[in-house]
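Trainee: The file below is target36.pdb, PDB, C-alpha atoms, pLDDT in the B column:
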```pdb
ATOM      1  CA  ASP A   1      -8.870 -30.243  47.416  1.00 72.00           C
ATOM      2  CA  ILE A   2      -8.572 -27.858  50.358  1.00 79.00           C
ATOM      3  CA  GLU A   3      -5.413 -29.473  51.744  1.00 83.00           C
ATOM      4  CA  VAL A   4      -3.503 -28.917  48.483  1.00 82.00           C
ATOM      5  CA  HIS A   5      -4.993 -25.427  48.064  1.00 81.00           C
ATOM      6  CA  SER A   6      -3.558 -24.401  51.442  1.00 85.00           C
ATOM      7  CA  LYS A   7      -0.044 -25.555  50.400  1.00 86.00           C
ATOM      8  CA  VAL A   8       0.107 -23.286  47.333  1.00 82.00           C
ATOM      9  CA  ASP A   9       1.950 -19.965  47.512  1.00 81.00           C
ATOM     10  CA  TRP A  10      -0.691 -18.038  45.571  1.00 82.00           C
ATOM     11  CA  ASP A  11       1.284 -14.771  45.679  1.00 83.00           C
ATOM     12  CA  ASN A  12       4.069 -16.365  43.617  1.00 79.00           C
ATOM     13  CA  THR A  13       1.934 -18.469  41.263  1.00 82.00           C
ATOM     14  CA  VAL A  14       1.713 -17.035  37.740  1.00 85.00           C
ATOM     15  CA  SER A  15      -0.502 -17.654  34.728  1.00 86.00           C
ATOM     16  CA  LEU A  16      -0.129 -17.265  30.974  1.00 88.00           C
ATOM     17  CA  SER A  17      -2.735 -16.641  28.328  1.00 92.00           C
ATOM     18  CA  ILE A  18      -2.432 -19.411  25.744  1.00 95.00           C
ATOM     19  CA  GLY A  19      -3.797 -19.795  22.226  1.00 95.00           C
ATOM     20  CA  MET A  20      -2.707 -21.064  18.830  1.00 96.00           C
ATOM     21  CA  LEU A  21      -0.951 -19.589  15.823  1.00 96.00           C
ATOM     22  CA  MET A  22       0.735 -20.900  12.698  1.00 95.00           C
ATOM     23  CA  ILE A  23       4.475 -20.610  12.088  1.00 93.00           C
ATOM     24  CA  ASN A  24       5.134 -20.200   8.374  1.00 87.00           C
ATOM     25  CA  ARG A  25       8.575 -20.071   6.862  1.00 78.00           C
ATOM     26  CA  THR A  26      10.631 -21.096   3.885  1.00 72.00           C
ATOM     27  CA  VAL A  27      13.282 -23.753   4.480  1.00 69.00           C
ATOM     28  CA  GLU A  28      16.178 -24.563   2.168  1.00 69.00           C
ATOM     29  CA  PHE A  29      16.523 -28.331   1.784  1.00 69.00           C
ATOM     30  CA  GLN A  30      18.871 -30.019  -0.707  1.00 76.00           C
ATOM     31  CA  GLY A  31      18.967 -26.927  -2.884  1.00 77.00           C
ATOM     32  CA  GLN A  32      15.188 -26.428  -2.938  1.00 76.00           C
ATOM     33  CA  SER A  33      13.002 -23.913  -1.133  1.00 74.00           C
ATOM     34  CA  LEU A  34      10.209 -25.653   0.753  1.00 73.00           C
ATOM     35  CA  ASN A  35       7.301 -24.027   2.546  1.00 76.00           C
ATOM     36  CA  ASP A  36       7.274 -25.170   6.168  1.00 78.00           C
ATOM     37  CA  GLU A  37       4.106 -24.419   8.120  1.00 85.00           C
ATOM     38  CA  PHE A  38       2.955 -25.797  11.473  1.00 91.00           C
ATOM     39  CA  TYR A  39       0.645 -24.942  14.377  1.00 94.00           C
ATOM     40  CA  TYR A  40       2.207 -23.835  17.641  1.00 95.00           C
ATOM     41  CA  GLN A  41       1.074 -22.348  20.929  1.00 95.00           C
ATOM     42  CA  CYS A  42       1.117 -18.606  21.519  1.00 97.00           C
ATOM     43  CA  ALA A  43       1.764 -17.428  25.097  1.00 96.00           C
ATOM     44  CA  GLY A  44       0.938 -13.934  26.318  1.00 96.00           C
ATOM     45  CA  VAL A  45       3.362 -12.677  28.976  1.00 95.00           C
ATOM     46  CA  ASP A  46       2.071 -10.191  31.567  1.00 95.00           C
ATOM     47  CA  ASP A  47       3.826  -8.132  34.282  1.00 94.00           C
ATOM     48  CA  ASP A  48       3.163 -10.767  36.932  1.00 93.00           C
ATOM     49  CA  PHE A  49       4.873 -13.468  34.834  1.00 92.00           C
ATOM     50  CA  VAL A  50       7.850 -11.181  34.120  1.00 93.00           C
ATOM     51  CA  GLU A  51       8.448 -10.510  37.811  1.00 92.00           C
ATOM     52  CA  LYS A  52       7.823 -14.001  39.224  1.00 90.00           C
ATOM     53  CA  ASN A  53       8.713 -16.667  36.647  1.00 88.00           C
ATOM     54  CA  THR A  54      11.892 -18.716  36.916  1.00 85.00           C
ATOM     55  CA  TYR A  55      12.361 -19.466  33.225  1.00 87.00           C
ATOM     56  CA  GLY A  56      15.924 -18.866  32.083  1.00 90.00           C
ATOM     57  CA  PHE A  57      17.331 -18.659  28.574  1.00 94.00           C
ATOM     58  CA  SER A  58      19.668 -20.934  26.658  1.00 93.00           C
ATOM     59  CA  THR A  59      20.540 -18.112  24.251  1.00 93.00           C
ATOM     60  CA  VAL A  60      19.659 -14.413  23.956  1.00 95.00           C
ATOM     61  CA  ASP A  61      20.451 -11.715  21.396  1.00 94.00           C
ATOM     62  CA  TRP A  62      21.441  -9.088  23.950  1.00 94.00           C
ATOM     63  CA  ASP A  63      21.847  -6.428  21.231  1.00 93.00           C
ATOM     64  CA  LEU A  64      18.108  -6.722  20.514  1.00 93.00           C
ATOM     65  CA  VAL A  65      17.241  -6.638  24.222  1.00 94.00           C
ATOM     66  CA  TYR A  66      19.419  -3.561  24.818  1.00 92.00           C
ATOM     67  CA  PRO A  67      19.496  -1.618  21.529  1.00 85.00           C
ATOM     68  CA  GLN A  68      21.167   1.308  23.337  1.00 82.00           C
ATOM     69  CA  SER A  69      23.929  -0.966  24.708  1.00 76.00           C
ATOM     70  CA  SER A  70      24.182  -2.196  28.271  1.00 69.00           C
ATOM     71  CA  SER A  71      26.772  -4.209  30.141  1.00 74.00           C
ATOM     72  CA  ASN A  72      24.304  -5.158  32.889  1.00 83.00           C
ATOM     73  CA  ARG A  73      22.428  -8.165  31.529  1.00 87.00           C
ATOM     74  CA  ASN A  74      19.272  -9.214  33.329  1.00 91.00           C
ATOM     75  CA  GLU A  75      17.074 -12.081  32.102  1.00 92.00           C
ATOM     76  CA  ARG A  76      13.934 -10.259  33.288  1.00 93.00           C
ATOM     77  CA  ASP A  77      14.797  -7.586  30.711  1.00 95.00           C
ATOM     78  CA  VAL A  78      14.309 -10.185  27.946  1.00 96.00           C
ATOM     79  CA  TRP A  79      10.719 -10.669  29.104  1.00 96.00           C
ATOM     80  CA  ARG A  80      10.293  -6.886  29.458  1.00 96.00           C
ATOM     81  CA  ALA A  81      11.581  -6.405  25.889  1.00 96.00           C
ATOM     82  CA  ILE A  82       8.862  -8.620  24.393  1.00 97.00           C
ATOM     83  CA  GLN A  83       6.282  -6.756  26.451  1.00 96.00           C
ATOM     84  CA  SER A  84       7.409  -3.313  25.340  1.00 95.00           C
ATOM     85  CA  ASP A  85       8.197  -4.106  21.678  1.00 96.00           C
ATOM     86  CA  PRO A  86       5.396  -5.929  19.817  1.00 97.00           C
ATOM     87  CA  ASN A  87       7.852  -6.982  17.100  1.00 97.00           C
ATOM     88  CA  LEU A  88       9.941  -9.177  19.430  1.00 98.00           C
ATOM     89  CA  ILE A  89       9.315 -12.778  20.535  1.00 98.00           C
ATOM     90  CA  VAL A  90      10.953 -15.509  22.596  1.00 97.00           C
ATOM     91  CA  LEU A  91      10.692 -19.158  21.549  1.00 95.00           C
ATOM     92  CA  ASP A  92      10.801 -22.226  23.739  1.00 93.00           C
ATOM     93  CA  GLY A  93      14.040 -24.195  23.682  1.00 88.00           C
ATOM     94  CA  MET A  94      12.538 -26.917  21.505  1.00 85.00           C
ATOM     95  CA  LEU A  95      12.574 -24.651  18.456  1.00 84.00           C
ATOM     96  CA  GLY A  96      16.098 -23.306  18.545  1.00 75.00           C
ATOM     97  CA  GLY A  97      19.725 -24.184  18.413  1.00 55.00           C
ATOM     98  CA  ASP A  98      21.477 -27.412  17.579  1.00 48.00           C
ATOM     99  CA  SER A  99      19.700 -29.338  20.307  1.00 47.00           C
ATOM    100  CA  ALA A 100      16.171 -28.399  19.271  1.00 46.00           C
ATOM    101  CA  PHE A 101      13.540 -31.100  19.549  1.00 48.00           C
ATOM    102  CA  GLY A 102      10.777 -29.389  17.565  1.00 44.00           C
ATOM    103  CA  PRO A 103       8.649 -30.691  14.715  1.00 46.00           C
ATOM    104  CA  PRO A 104      10.454 -32.860  12.132  1.00 45.00           C
ATOM    105  CA  GLY A 105      13.041 -30.926  10.186  1.00 45.00           C
ATOM    106  CA  GLN A 106      13.102 -28.004  12.623  1.00 46.00           C
ATOM    107  CA  ALA A 107      16.208 -28.752  14.687  1.00 43.00           C
ATOM    108  CA  GLY A 108      18.648 -25.865  14.514  1.00 43.00           C
ATOM    109  CA  MET A 109      16.674 -24.115  11.782  1.00 72.00           C
ATOM    110  CA  ILE A 110      15.462 -21.089  13.741  1.00 87.00           C
ATOM    111  CA  GLU A 111      18.165 -18.790  15.079  1.00 90.00           C
ATOM    112  CA  LEU A 112      18.454 -15.626  17.137  1.00 93.00           C
ATOM    113  CA  GLY A 113      17.561 -12.560  15.094  1.00 94.00           C
ATOM    114  CA  ASP A 114      15.476 -14.532  12.576  1.00 92.00           C
ATOM    115  CA  GLU A 115      12.297 -12.904  11.387  1.00 93.00           C
ATOM    116  CA  LEU A 116       9.508 -15.429  11.778  1.00 93.00           C
ATOM    117  CA  LYS A 117       6.208 -15.221   9.908  1.00 94.00           C
ATOM    118  CA  LEU A 118       3.297 -16.035  12.193  1.00 96.00           C
ATOM    119  CA  LYS A 119      -0.318 -16.398  11.074  1.00 96.00           C
ATOM    120  CA  ASN A 120      -3.349 -15.751  13.224  1.00 95.00           C
ATOM    121  CA  ALA A 121      -6.713 -17.556  12.974  1.00 92.00           C
ATOM    122  CA  ASN A 122      -7.843 -15.143  10.230  1.00 93.00           C
ATOM    123  CA  GLY A 123      -4.794 -16.012   8.102  1.00 92.00           C
ATOM    124  CA  THR A 124      -3.158 -12.621   8.623  1.00 95.00           C
ATOM    125  CA  GLU A 125       0.620 -12.930   8.520  1.00 94.00           C
ATOM    126  CA  ILE A 126       2.548 -11.035  11.198  1.00 96.00           C
ATOM    127  CA  THR A 127       6.359 -10.923  11.208  1.00 96.00           C
ATOM    128  CA  LYS A 128       8.234 -11.052  14.534  1.00 97.00           C
ATOM    129  CA  THR A 129      11.954 -11.148  15.447  1.00 97.00           C
ATOM    130  CA  VAL A 130      13.355 -13.897  17.685  1.00 96.00           C
ATOM    131  CA  ILE A 131      15.407 -12.473  20.596  1.00 97.00           C
ATOM    132  CA  GLY A 132      15.822 -15.579  22.736  1.00 96.00           C
ATOM    133  CA  PHE A 133      15.171 -19.243  23.450  1.00 95.00           C
ATOM    134  CA  THR A 134      14.047 -20.497  26.846  1.00 94.00           C
ATOM    135  CA  GLU A 135      16.254 -22.914  28.711  1.00 91.00           C
ATOM    136  CA  GLN A 136      13.288 -24.828  30.094  1.00 83.00           C
ATOM    137  CA  MET A 137      11.042 -26.705  27.699  1.00 76.00           C
ATOM    138  CA  GLY A 138       8.018 -27.070  29.982  1.00 81.00           C
ATOM    139  CA  ILE A 139       5.879 -24.654  27.980  1.00 88.00           C
ATOM    140  CA  THR A 140       6.165 -25.038  24.215  1.00 91.00           C
ATOM    141  CA  ALA A 141       5.168 -21.682  22.785  1.00 95.00           C
ATOM    142  CA  VAL A 142       5.960 -18.487  20.972  1.00 97.00           C
ATOM    143  CA  PHE A 143       6.150 -16.012  23.869  1.00 97.00           C
ATOM    144  CA  MET A 144       5.124 -12.376  23.351  1.00 97.00           C
ATOM    145  CA  GLY A 145       3.660  -9.562  25.399  1.00 97.00           C
ATOM    146  CA  ASP A 146       0.075 -10.185  26.477  1.00 96.00           C
ATOM    147  CA  ASP A 147      -1.159  -7.099  24.571  1.00 96.00           C
ATOM    148  CA  THR A 148       0.534  -8.347  21.386  1.00 96.00           C
ATOM    149  CA  ALA A 149      -0.919 -11.853  21.865  1.00 96.00           C
ATOM    150  CA  GLU A 150      -4.399 -10.384  22.306  1.00 96.00           C
ATOM    151  CA  ASP A 151      -4.258  -7.777  19.534  1.00 96.00           C
ATOM    152  CA  GLY A 152      -2.553  -9.928  16.895  1.00 95.00           C
ATOM    153  CA  PHE A 153      -3.698 -13.436  17.725  1.00 95.00           C
ATOM    154  CA  GLY A 154      -6.837 -13.125  19.873  1.00 94.00           C
ATOM    155  CA  VAL A 155      -5.147 -14.839  22.836  1.00 94.00           C
ATOM    156  CA  THR A 156      -6.700 -13.741  26.130  1.00 91.00           C
ATOM    157  CA  GLU A 157      -7.610 -16.728  28.299  1.00 88.00           C
ATOM    158  CA  LYS A 158      -5.247 -17.675  31.144  1.00 88.00           C
ATOM    159  CA  LYS A 159      -4.862 -21.409  30.567  1.00 86.00           C
ATOM    160  CA  VAL A 160      -1.407 -22.289  31.912  1.00 84.00           C
ATOM    161  CA  HIS A 161      -0.617 -21.849  35.582  1.00 80.00           C
ATOM    162  CA  LEU A 162       2.859 -22.172  37.073  1.00 80.00           C
ATOM    163  CA  ILE A 163       2.109 -23.105  40.662  1.00 79.00           C
ATOM    164  CA  THR A 164       4.553 -22.369  43.463  1.00 80.00           C
ATOM    165  CA  PHE A 165       4.268 -24.218  46.750  1.00 85.00           C
ATOM    166  CA  LYS A 166       4.896 -22.643  50.134  1.00 85.00           C
ATOM    167  CA  ASP A 167       8.327 -23.098  51.721  1.00 86.00           C
ATOM    168  CA  GLY A 168       8.686 -26.514  53.320  1.00 85.00           C
ATOM    169  CA  VAL A 169       6.011 -28.192  51.192  1.00 86.00           C
ATOM    170  CA  ASP A 170       7.160 -31.369  49.428  1.00 83.00           C
ATOM    171  CA  ASP A 171       5.971 -30.708  45.870  1.00 79.00           C
ATOM    172  CA  GLN A 172       6.460 -34.367  44.820  1.00 81.00           C
ATOM    173  CA  ASP A 173       4.335 -35.609  47.712  1.00 79.00           C
ATOM    174  CA  THR A 174       1.676 -32.924  47.188  1.00 74.00           C
TER     175      THR A 174
END
```
Could you rewrite the structure in this file as structure tokens?
Mentor:
Amino acid sequence: DIEVHSKVDWDNTVSLSIGMLMINRTVEFQGQSLNDEFYYQCAGVDDDFVEKNTYGFSTVDWDLVYPQSSSNRNERDVWRAIQSDPNLIVLDGMLGGDSAFGPPGQAGMIELGDELKLKNANGTEITKTVIGFTEQMGITAVFMGDDTAEDGFGVTEKKVHLITFKDGVDDQDT
């Protein structure tokens, strides 16, 4: 509708490419090793998302973000790290920490620095290192640079849009 379209701040609205992958890992349960495998979304992060998104982090492995050491911590650098290093990923807050709400049996099982085995549609296994968990749980996904999402998992289509309204617009009413 044209009225709603005119209320959107298109310069600050960002999009993510979204697709699917499989998370595959071994879980220790009551002294036994069990294979745990489940489908999850894959989100490709581009420069526009890095500069304009408002997603914060509940936890970050700052040593992986700044391998050369830095006392100036900037959350945008977490997003930049997954763009520049194809081996690094961020997970949504549902998959990590003691308050995780992920698939059954997942709560607290994935931690910062874990190497996670991800499978693409062809069944190729690709290992990535977890450097952070998002604070917001609006987008459930394994976040990685858009080039990594495309090259490793065939994810190219912008399917999720984080719309920003112009100043003064009541987003609930709109």
Trainee: Which of these, A:Ala149, A:Asp48, A:Gln32, A:Gln41, has the shortest distance to Asp11 in chain A once you count all atoms listed in the file?
Mentor: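 With all atoms listed in the file as the atom set, the closest residue is A:Asp48.
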Trainee: Closest to Leu162 in chain A among A:Ala81, A:Leu16, A:Ala121, A:Val65, using all atoms listed in the file?
Mentor: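 Selected residue with least distance to Leu162 in chain A: A:Leu16.
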Trainee: Output the residue selection produced by the PyMOL selection byres ((chain A and resi 142) around 10) on the file above, formatted as a ChimeraX atom specification.
Mentor: /A:18-21,23,40-44,89-92,95,118,130,133,139-141,143-144,149
Trainee: Check what the PyMOL selection byres ((chain A and resi 112) around 7) selects in the file above and give those residues as a list in words.
Mentor: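 After applying the PyMOL selection byres ((chain A and resi 112) around 7), what remains is Asp61, Glu111, Gly113, Asp114, Val130, Ile131 and Gly132 of chain A.
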Trainee: To one decimal in Å, tell me the separation between CA of Asp173 in chain A and CA of Val4 in chain A.
Mentor: 10.3 Å
Trainee: Given the file shown, enumerate the residues that the PyMOL selection byres ((chain A and resi 55) around 9) captures and present them as an mmCIF file with C-alpha atoms, in the frame of the given file.
Mentor:
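So expr.cif came out as:
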```
data_model
loop_
_atom_site.group_PDB
_atom_site.id
_atom_site.type_symbol
_atom_site.label_atom_id
_atom_site.label_comp_id
_atom_site.auth_asym_id
_atom_site.auth_seq_id
_atom_site.Cartn_x
_atom_site.Cartn_y
_atom_site.Cartn_z
ATOM 1 C CA ASN A 53 8.713 -16.667 36.647
ATOM 2 C CA THR A 54 11.892 -18.716 36.916
ATOM 3 C CA GLY A 56 15.924 -18.866 32.083
ATOM 4 C CA PHE A 57 17.331 -18.659 28.574
ATOM 5 C CA GLU A 75 17.074 -12.081 32.102
ATOM 6 C CA THR A 134 14.047 -20.497 26.846
ATOM 7 C CA GLU A 135 16.254 -22.914 28.711
ATOM 8 C CA GLN A 136 13.288 -24.828 30.094
#
```
Trainee: Would you compute the distance between CA of Ser33 in chain A and CA of Thr59 in chain A? Give it in Å to one decimal.
Mentor: 27.1 Å
Trainee: Find the residues around Arg73 in chain A up to 12 Å (only C-alpha atoms counted), leave out those fewer than 3 positions away in its own chain, and share them as a ChimeraX atom specification.
Mentor: /A:60-66,69-70,76-78
Trainee: Nearest to Leu116 in chain A: which of A:Thr156, A:Phe165, A:Gly138, A:Asn87 is it, counting only C-alpha atoms?
Mentor: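 Of all the options, A:Asn87 lies closest to Leu116 in chain A.
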Trainee: Choose the residue, out of A:Lys158, A:Arg25, A:Arg80, A:Lys52, that has the smallest atom-to-atom separation from Lys119 in chain A; count only C-alpha atoms.
Mentor: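 When distances to Lys119 in chain A are compared using only C-alpha atoms, the smallest one comes from A:Arg25.
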Trainee: Suppose you want the space between CA of Trp79 in chain A and CA of Asp147 in chain A; what is it in Å?
Mentor: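 Rounded to one decimal, the two atoms are 13.2 Å apart.
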Trainee: I need the residue nearest Thr148 in chain A from this list: A:Gln83, A:Asn72, A:Thr129, A:Thr174. Use all atoms listed in the file for the distance.
Mentor: A:Gln83
